[in-house]
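**Q** Dropping a structure here in structure tokens format, bear with me for questions.
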Amino acid sequence: MARNKTFNRRNVLIIIIFVLIAATGLTVRLGYLMIVKSAEYAERAEDLHERERAIKAARGIIYDRNGIAIATNKPVSTISVIHSQIKEPEKVIQVLSDLLDLDEAKVRKRVEKVSSIERIKSNVDKEIADAIRDYDLDGVMVDEDYKRYYPFETLASKVIGFTGSDNQGIIGLEVAYEKYLKGIDGTILTLTTAYGVEIENAAEDRIEPKAGNDLYISLDVNIQKYAEQAALKVLEAKQANNVKLIVMSPKTGEIYAMVNVPEFNLNSPYTLTDNMLEGIDMTTLTSEKKNDLLNNMWRNASISDTYEPGSSFKIITATAALEEKVVSLNDHFHCPGYKIVEDRRIRCHKAGGHGSETFIEGIKNSCNPVFMELGARVGLTNMYKYFKKLGLFQKTGIDLPGEAKSIMHKPEKVGAVELATISFGQSFQITPLQLLVASSAVVNGGNLVTPHFGITAKSPDGSTVKNFEYPVQAGAVSKETSETMKNLLELVVSEGTGKRAYLPGFRIGGKTATSEKLPRSSNKYISSFIGFAPANDPQVMAVVLIDEPVGIYYGGTIAAPVVSEVFDNILPYLGIEESYTEAEIKEYSIGTVQMPDFIGKTVKEVKEILKEVDLGEVYYTGEGDIVSEQFPLPGEKIERNSDLILYLK
Amino acid sequence: MTRAEREQGKVKKFHSYYDYSLLFLTIFLVCIGLVMIYSTSFYNASRNYGKPTFYLEKQAIFGALGIIIMLIVSKIDYHFYIKKLPILKMKPVTLLFIFCILLQTYVLIFGKEINGAKRWIDLGPLGSFQPSELSKIAIILFTAYIVNLAPRKLDKFGGFVRVVVFVAPLIVLVLIPNFSTALVMGCIMIAICFVASRKKLYFIVSGIIAIGLGAIAVFGVSYRSTRIDVWKNVETHEKGYQILQGLYAIASGGIFGRGLGESMQKLGFIPESHNDMIFAVICEELGLFGAVAIILIFVLVVWRLFVIAINAPDLYGGLIATGTLTHIAMQVLLNIAVVTNTIPSTGIPLPFISYGGSSLVVLLIEMGIVLSVSNQIKFER
């Protein structure tokens, strides 16, 4: 056996020195990785382990001018089960099927399914979700979420708009004020394994969501409701396609109401309304076709559709003529029922003609030849100058998406015939809102306002984030012309074609219009009326358009009463008091009377007394001849024409 | 020490020595290994087998078995391996060597493929066995035996070549499916020859030649040159995933670690984290302190092996201890170097700690043999 010699031992020592050097080197390498590179790599590793789960931020609430919420958030929850974490499956099945009102077999199937996570129900109301959470069942997840909710459902649907699945605005104000309404989503950072399974009991990093800002708008829920009622009434009565109605403050441009009936339900915006489905075979409805229909349903026609304004545009022509001083109020005109312009014979709406008339009578009669004459006197250049001043060549700048532009003749293409038709509102198209804004400028002393809804954005804690300001262009019309026009338009209502808009006790101005839709031969009309009150100091202005009414289609006959009805409701609401003229008191028996004492009187005696007192209906109750009790009580001051109840014995 | 005591020592001159330090260090390492295997594998085990202790149990059985075998082997005189067996008329070391050659040939043809490499023999319910582990023992014993036959010849290059000619067949058979194990085996052979040789120059010359051949072997095989690309661009290379995850684990451990059982990277980010990458998880959980402590324990083991090697009663025993020393040191260094991306990746388990039954049992048998060498050391005081 060979000996283990000294050189053998030295050689082993050499090997072990190599080993120790290598081990030292690797230790240094480890130190470098674990001290110098530690932070960098650890962070990258963290990125791998962390999973971000978004917490939806609550969207800002939209309030009307009275502070009533018209677009708000409903807290909802999604209930899911995690199979591997369920400890008491029977209890889970029983609780969930009871509280969620679901079929037990259905819940059982989901609970017993082996999957990482199984959704049982989403959009669960908060109270139910809280009840489920209180059971504290293992493996049952309650995730909170928000769902946009519109308490008034169809109210001003096309104005307010709705939101999509990510809580983003899709149409209307929800889009226009997205920047303010949208909150900043929060995140939950959880640790997960490489397979994406969350680790229990791991510390969660939570970044709280930031709720969006609340939006206060000029729309008034009550005015909108009145307006919608009136619009719906005429829509049904006249079997019209649609009715548009805008109510605006002519002084500020704040819009109180914007109606486009039929509206749709904002809480289920993807459900086509009945009118959209009219004449459509559901079985052949392609998704493309359905999309088109939905887009149509959502369309805010008041700002997106243009039309020929017709006679209501005579307000603008008259204003231009007065501004240019080419006409005075008592100038005489003659209407034979038509006017020859170049080689064309353009008819007046009254076949026989209005005969000889002053300018005032011309506007009261809405006489086309008079306005053709005015247009010719003003001339194209000046007409277009006023169109421009009154904003007819540009969008109104309303804070809603999808506003249409007017369609006007190019000045070089306008001959005498075109000028004549423009003068009474034909051969070009504007939006109803443009007409409203231009007419506002005419009656408010010449200020071209920007129509708008948005007033203030406030953070959830109530501090103001932004007060929205809108440009006003002063001097579109001179003060004198504005005063004159107010008087003239009041005359149209009190004595002229707009007399069905007349409301006793209020001074109302306005102009009717009946626009024939293109092609002319189709005999389809848009009846409209634009009105304002009080005529001496306009606080509110409204325009109504009835699209394709069946039967009588004259604006003065069917559109004017709509505005009158709206004004009847909203003028007292807006704090504009009635003040009756003597003629009105007489004509409409307005005033108070003192209730006579009928007690103890016979029916015959009662009838004698009634001849001298203006009372409404008299109701007798009970059997007998002698009045034992009466309502109202004797001596009370009551409105004229009030009803009286007498109890006999 | 008083003179009387020394006298007494002289009386007990032939008192046997047994390296209990090495024995306990070894058992301690096995225990650390079991703890870390449980820590690294419970997630994957419960995920894949529904039983968190799946890997732990298997490894613990092999550990217990291995320790028993080690204790038995440590009591067998290592000269037994080079004595002719009575009936067969052959030496056990030769038998083992031939047996390993047969096994390696068998595995090349009928081996069971795991992860694309044919390295295992399927033993049915007993699991699978990696013959290349056994071949490591064969290399140590056989090389030491060959060298011991004529140690003086090693002083010349021709003598070294003679050893290589004898040993090379087994190494080549291992090299075909398993480069890294062959590398370890080659190094064991060279280390044994080196220790037996008086001359160093031809080792330097042949070392350079070996590196040249190694380079051809590495770059000639496409999957190995890919590994070099990965090594250079570990953060961007698509195949660098596993190594990069290991680096993330090591680095996120920092100085004090996340704490035992708190590793994130073992949760599926490092595939098979209880195998070759276990050191990365040790770093993540126990920090730089824990990692250095483990390295120090290995250094102590190597140190004990060194002490046995230089005190061995004869050259044969010294060479066996040297071979074992080289084996363990090479595997520890290569494993840590791979995990820290210091060298291109290659599959080397961390001795005693990484999961793997055949590897653990074979290592424990080796330790048993070395312990038996230590057992033959006589006090010469």
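In the structure tokens, chains take letters A, B, ... by order of appearance, with residues numbered from 1 within each chain and ligands from 1 in the order shown.
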Between chain B and chain A, at 6 Å or less, what are the per-residue closest atom pairs and their distances in Å? Count only C-alpha atoms, order by chain and rising residue number, and return it as a tab-separated table.

**A**
residue	atom	partner	partner_atom	distance
B:Val195	CA	A:Asn11	CA	4.9
B:Ala196	CA	A:Asn8	CA	5.8
B:Tyr248	CA	A:Tyr41	CA	5.2
B:Ala251	CA	A:Ser38	CA	4.3
B:Ser252	CA	A:Ala42	CA	4.2
B:Gly254	CA	A:Met34	CA	4.7
B:Leu267	CA	A:Thr193	CA	5.1
B:Gly268	CA	A:Ala194	CA	4.8
B:Phe269	CA	A:Ala194	CA	5.1
B:Ile310	CA	A:Arg9	CA	5.0
B:Asp314	CA	A:Arg3	CA	4.7
B:Leu315	CA	A:Asn4	CA	4.2

**Q** May I have the residues from that selection written out with N, CA and C atoms, as a short mmCIF file (atom, residue, chain, number, x, y, z; two decimals), in the first residue's frame?

**A**
data_model
loop_
_atom_site.label_atom_id
_atom_site.label_comp_id
_atom_site.auth_asym_id
_atom_site.auth_seq_id
_atom_site.Cartn_x
_atom_site.Cartn_y
_atom_site.Cartn_z
N VAL B 195 -3.19 15.14 -7.08
CA VAL B 195 -2.68 14.92 -5.73
C VAL B 195 -1.56 13.87 -5.74
N ALA B 196 -1.70 12.88 -6.63
CA ALA B 196 -0.72 11.80 -6.65
C ALA B 196 0.57 12.18 -7.38
N TYR B 248 -33.92 37.35 -8.98
CA TYR B 248 -34.91 38.16 -8.25
C TYR B 248 -35.03 37.64 -6.81
N ALA B 251 -31.84 38.49 -4.82
CA ALA B 251 -31.72 39.91 -4.52
C ALA B 251 -32.80 40.37 -3.56
N SER B 252 -34.00 39.82 -3.68
CA SER B 252 -35.04 40.33 -2.79
C SER B 252 -34.86 39.81 -1.36
N GLY B 254 -32.10 40.26 0.32
CA GLY B 254 -31.38 41.30 1.04
C GLY B 254 -30.47 40.70 2.09
N LEU B 267 -43.44 30.53 -5.17
CA LEU B 267 -44.85 30.30 -5.48
C LEU B 267 -45.05 30.24 -6.99
N GLY B 268 -44.29 29.40 -7.62
CA GLY B 268 -44.49 29.17 -9.05
C GLY B 268 -43.63 30.03 -9.94
N PHE B 269 -42.99 31.05 -9.39
CA PHE B 269 -42.19 31.91 -10.25
C PHE B 269 -40.90 31.19 -10.66
N ILE B 310 -5.37 14.51 4.33
CA ILE B 310 -3.94 14.60 4.63
C ILE B 310 -3.54 13.67 5.75
N ASP B 314 -3.03 5.84 4.27
CA ASP B 314 -2.28 5.51 3.06
C ASP B 314 -2.75 6.37 1.91
N LEU B 315 -2.07 6.27 0.78
CA LEU B 315 -2.40 7.12 -0.37
C LEU B 315 -3.81 6.85 -0.88
#

**Q** Any idea what's packed within 10 Å of segment 39-47 of chain B, counting only C-alpha atoms, ignoring anything in its chain fewer than 5 positions away? Could you give it as a list in words?

**A** Thr193 of chain A; Gly33, Leu34, Pro52, Thr53, Phe54, Tyr55, Leu56, Leu260, Gly261, Glu262, Ser263, Met264, Gln265, Lys266, Leu267, Gly268, Ile270, Pro271, Glu272, Ser273, His274, Asn275, Met277, Ile278, Val281, Ile282, Glu285 and Tyr355 of chain B

**Q** Please save C-alpha atoms of the selected residues as a compact mmCIF listing (two decimals), in the first residue's frame.

**A**
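Written output follows (selection_23.txt):
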# COMPACT_ATOMS: atom_id res chain seq x y z
CA THR A 193 -48.53 33.48 -7.05
CA GLY B 33 -32.03 20.30 3.24
CA LEU B 34 -35.28 18.77 4.51
CA PRO B 52 -47.88 19.84 1.03
CA THR B 53 -45.45 17.25 2.40
CA PHE B 54 -45.27 15.23 -0.82
CA TYR B 55 -41.65 16.05 -1.64
CA LEU B 56 -40.61 16.31 2.00
CA LEU B 260 -38.21 31.13 6.63
CA GLY B 261 -41.20 30.10 4.56
CA GLU B 262 -41.88 33.63 3.32
CA SER B 263 -40.41 33.33 -0.18
CA MET B 264 -42.60 34.74 -2.92
CA GLN B 265 -40.54 33.42 -5.79
CA LYS B 266 -41.14 29.83 -4.83
CA LEU B 267 -44.85 30.30 -5.48
CA GLY B 268 -44.49 29.17 -9.05
CA ILE B 270 -39.12 29.68 -10.01
CA PRO B 271 -40.11 26.38 -11.61
CA GLU B 272 -39.13 23.36 -9.47
CA SER B 273 -37.64 25.60 -6.82
CA HIS B 274 -36.82 22.60 -4.61
CA ASN B 275 -34.33 21.29 -7.17
CA MET B 277 -32.55 26.51 -7.72
CA ILE B 278 -33.06 25.84 -4.02
CA VAL B 281 -34.88 30.46 -2.23
CA ILE B 282 -32.50 29.99 0.71
CA GLU B 285 -35.80 33.47 2.90
CA TYR B 355 -34.30 17.49 -3.78

**Q** Just list the residues in segment 194-284 of chain A DSSP gives alpha helix (DSSP H) on the backbone, as an MDAnalysis selection string.

**A** chainID A and resid 221:237 274:277

**Q** Using Å and a single decimal, report how far atom CA of Ile546 of chain A sits from atom CA of Asp281 of chain A.

**A**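 Those two atoms sit 26.9 Å apart.
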
**Q** Name the residues in contact with Leu141 of chain B at a cut-off of 12 Å, using only C-alpha atoms, excluding same-chain residues fewer than 2 positions from it; report them as a PyMOL selection string.

**A** chain B and resi 78-82+91-97+134-139+143-148+167+185+188-189+192+316-324+365-366+369-370

**Q** Could you please take those selected residues and save C-alpha atoms as a compact mmCIF listing (two decimals), in the first residue's frame?

**A**
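Output below, filename selection-v3.txt:
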# COMPACT_ATOMS: atom_id res chain seq x y z
CA TYR B 78 -12.24 0.88 2.58
CA HIS B 79 -9.50 -1.55 1.63
CA PHE B 80 -12.28 -4.04 1.10
CA TYR B 81 -13.03 -2.37 -2.24
CA ILE B 82 -9.63 -3.24 -3.67
CA LYS B 91 -12.22 -6.62 -6.94
CA PRO B 92 -15.41 -4.81 -5.87
CA VAL B 93 -14.13 -1.54 -7.34
CA THR B 94 -13.74 -3.12 -10.77
CA LEU B 95 -17.15 -4.71 -10.45
CA LEU B 96 -18.71 -1.36 -9.57
CA PHE B 97 -16.95 0.31 -12.48
CA LEU B 134 -23.55 6.11 -8.75
CA SER B 135 -20.94 6.64 -11.44
CA LYS B 136 -19.45 9.43 -9.34
CA ILE B 137 -18.63 6.95 -6.57
CA ALA B 138 -17.23 4.58 -9.18
CA ILE B 139 -15.00 7.33 -10.56
CA THR B 143 -9.43 6.41 -10.20
CA ALA B 144 -7.97 6.20 -6.71
CA TYR B 145 -7.46 2.48 -7.26
CA ILE B 146 -5.75 2.87 -10.64
CA VAL B 147 -3.53 5.66 -9.36
CA ASN B 148 -2.72 3.71 -6.25
CA VAL B 167 -11.43 5.96 -16.62
CA MET B 185 -16.44 13.50 -12.79
CA ILE B 188 -12.62 14.43 -9.67
CA MET B 189 -10.34 12.32 -11.85
CA ILE B 192 -6.99 12.64 -7.76
CA TYR B 316 -5.53 5.23 -1.39
CA GLY B 317 -7.51 6.64 1.52
CA GLY B 318 -6.13 10.11 0.89
CA LEU B 319 -7.15 9.93 -2.75
CA ILE B 320 -10.68 8.79 -1.88
CA ALA B 321 -11.03 11.71 0.52
CA THR B 322 -9.63 14.04 -2.14
CA GLY B 323 -12.12 12.74 -4.71
CA THR B 324 -15.04 13.23 -2.35
CA ILE B 365 -22.51 6.70 0.78
CA GLU B 366 -19.48 8.73 -0.25
CA ILE B 369 -16.59 5.80 2.69
CA VAL B 370 -14.68 8.88 3.80

**Q** Where does DSSP see strand (DSSP E or B) in segment 465-522 of chain A, if you list the residues as an MDAnalysis selection string?

**A** chainID A and resid 465:467 473 509:516

**Q** Quick one, how far is atom CA of Asn73 of chain A from atom CA of Tyr216 of chain A?

**A**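 Here the two named atoms are 15.4 Å from each other.
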
**Q** Please provide as a list in words all residues within 10 Å of Phe152 of chain A, with the sequence filter that same-chain residues fewer than 4 positions apart are discarded (counting only C-alpha atoms).

**A**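 What passes the distance filter is Ala69, Ile70, Ala71, Ala156, Ser157, Val221, Lys225, Asn265, Leu266 and Asn267 of chain A.
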
**Q** Please provide as a CSV table (one decimal) with C-alpha atoms, in the first residue's frame all residues within 12 Å of Pro519 of chain A, with the sequence filter that same-chain residues fewer than 4 positions apart are discarded (counting only C-alpha atoms).

**A**
chain,number,residue,atom,x,y,z
A,308,GLU,CA,-86.1,75.4,-42.7
A,427,SER,CA,-84.2,77.6,-48.9
A,515,SER,CA,-92.4,74.8,-42.6
A,523,ASN,CA,-96.9,67.6,-48.0
A,524,LYS,CA,-95.1,67.0,-44.7
A,525,TYR,CA,-94.8,69.9,-42.3

**Q** List the neighbours of Arg162 of chain B out to 12 Å using only C-alpha atoms; skip same-chain residues closer than 3 positions along the sequence, and give me the result as a list in words.

**A**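 My reading of the contact set: Thr143, Ile146, Val147, Leu149, Ala150, Pro151, Lys153, Leu154, Asp155, Lys156, Phe157, Gly158, Gly159, Val165, Phe166, Val167, Ala168 and Cys193 of chain B.
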
**Q** Write out the residues from the selection above, keeping N, CA and C atoms, as a PDB file, in the first residue's frame.

**A**
ATOM      1  N   THR B 143     -10.598   5.578  -9.913  1.00  0.00           N
ATOM      2  CA  THR B 143      -9.431   6.405 -10.203  1.00  0.00           C
ATOM      3  C   THR B 143      -8.403   6.254  -9.083  1.00  0.00           C
ATOM      4  N   ILE B 146      -6.698   2.905  -9.531  1.00  0.00           N
ATOM      5  CA  ILE B 146      -5.750   2.872 -10.642  1.00  0.00           C
ATOM      6  C   ILE B 146      -4.481   3.624 -10.272  1.00  0.00           C
ATOM      7  N   VAL B 147      -4.689   4.844  -9.708  1.00  0.00           N
ATOM      8  CA  VAL B 147      -3.527   5.660  -9.360  1.00  0.00           C
ATOM      9  C   VAL B 147      -2.700   4.947  -8.305  1.00  0.00           C
ATOM     10  N   LEU B 149      -2.250   1.935  -7.853  1.00  0.00           N
ATOM     11  CA  LEU B 149      -1.484   0.788  -8.361  1.00  0.00           C
ATOM     12  C   LEU B 149      -0.041   1.176  -8.626  1.00  0.00           C
ATOM     13  N   ALA B 150       0.139   2.350  -9.235  1.00  0.00           N
ATOM     14  CA  ALA B 150       1.491   2.791  -9.557  1.00  0.00           C
ATOM     15  C   ALA B 150       1.572   4.301  -9.468  1.00  0.00           C
ATOM     16  N   PRO B 151       1.607   4.841  -8.246  1.00  0.00           N
ATOM     17  CA  PRO B 151       1.554   6.295  -8.085  1.00  0.00           C
ATOM     18  C   PRO B 151       2.721   7.019  -8.737  1.00  0.00           C
ATOM     19  N   LYS B 153       4.096   6.580 -11.581  1.00  0.00           N
ATOM     20  CA  LYS B 153       3.910   6.841 -13.007  1.00  0.00           C
ATOM     21  C   LYS B 153       3.233   8.186 -13.249  1.00  0.00           C
ATOM     22  N   LEU B 154       2.502   8.640 -12.262  1.00  0.00           N
ATOM     23  CA  LEU B 154       1.789   9.910 -12.402  1.00  0.00           C
ATOM     24  C   LEU B 154       2.745  11.090 -12.528  1.00  0.00           C
ATOM     25  N   ASP B 155       3.999  10.872 -12.178  1.00  0.00           N
ATOM     26  CA  ASP B 155       4.959  11.967 -12.308  1.00  0.00           C
ATOM     27  C   ASP B 155       5.190  12.333 -13.762  1.00  0.00           C
ATOM     28  N   LYS B 156       4.863  11.403 -14.636  1.00  0.00           N
ATOM     29  CA  LYS B 156       5.015  11.685 -16.070  1.00  0.00           C
ATOM     30  C   LYS B 156       3.646  11.780 -16.705  1.00  0.00           C
ATOM     31  N   PHE B 157       3.630  12.487 -17.806  1.00  0.00           N
ATOM     32  CA  PHE B 157       2.373  12.709 -18.497  1.00  0.00           C
ATOM     33  C   PHE B 157       1.759  11.400 -18.945  1.00  0.00           C
ATOM     34  N   GLY B 158       2.632  10.479 -19.386  1.00  0.00           N
ATOM     35  CA  GLY B 158       2.175   9.172 -19.846  1.00  0.00           C
ATOM     36  C   GLY B 158       1.365   8.435 -18.792  1.00  0.00           C
ATOM     37  N   GLY B 159       1.784   8.565 -17.562  1.00  0.00           N
ATOM     38  CA  GLY B 159       1.055   7.919 -16.471  1.00  0.00           C
ATOM     39  C   GLY B 159      -0.353   8.462 -16.335  1.00  0.00           C
ATOM     40  N   VAL B 165      -7.145   6.783 -19.886  1.00  0.00           N
ATOM     41  CA  VAL B 165      -7.600   5.713 -20.785  1.00  0.00           C
ATOM     42  C   VAL B 165      -8.498   4.739 -20.029  1.00  0.00           C
ATOM     43  N   PHE B 166      -8.107   4.430 -18.802  1.00  0.00           N
ATOM     44  CA  PHE B 166      -8.926   3.507 -18.007  1.00  0.00           C
ATOM     45  C   PHE B 166     -10.283   4.112 -17.624  1.00  0.00           C
ATOM     46  N   VAL B 167     -10.236   5.349 -17.221  1.00  0.00           N
ATOM     47  CA  VAL B 167     -11.429   5.960 -16.623  1.00  0.00           C
ATOM     48  C   VAL B 167     -12.363   6.550 -17.679  1.00  0.00           C
ATOM     49  N   ALA B 168     -11.785   7.025 -18.779  1.00  0.00           N
ATOM     50  CA  ALA B 168     -12.543   7.788 -19.769  1.00  0.00           C
ATOM     51  C   ALA B 168     -13.840   7.130 -20.259  1.00  0.00           C
ATOM     52  N   CYS B 193      -5.511  12.569  -9.696  1.00  0.00           N
ATOM     53  CA  CYS B 193      -4.223  12.451 -10.360  1.00  0.00           C
ATOM     54  C   CYS B 193      -3.264  13.535  -9.902  1.00  0.00           C
TER      55      CYS B 193
END

**Q** Return the single residue from A:Gly496, A:Asn123, A:Thr512, A:Met141 that is closest to Lys314 of chain A, with distances computed using only C-alpha atoms.

**A** A:Thr512

**Q** Counting only C-alpha atoms, which of A:Ala441, A:Tyr180, A:Arg520, A:Ile170 gets nearest to Thr464 of chain A?

**A**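 Of all the options, A:Tyr180 lies closest to Thr464 of chain A.
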
**Q** Please provide the set of residues having any atom within 9 Å of Tyr573 of chain A, restricted to only C-alpha atoms, with same-chain residues fewer than 3 positions apart removed, written as a PyMOL selection string.

**A** chain A and resi 222-223+569-570+576

**Q** In Å, rounded to a single decimal, give me how far atom CA of Gln168 of chain A is from atom CA of Val247 of chain A.

**A**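 If I compute the distance from atom CA of Val247 of chain A to atom CA of Gln168 of chain A, I get 28.0 Å.
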
**Q** Smallest atom-to-atom distance to Leu183 of chain B: which of B:Asn375, B:Ser197, B:Lys83, B:Thr346, using only C-alpha atoms?

**A** B:Thr346
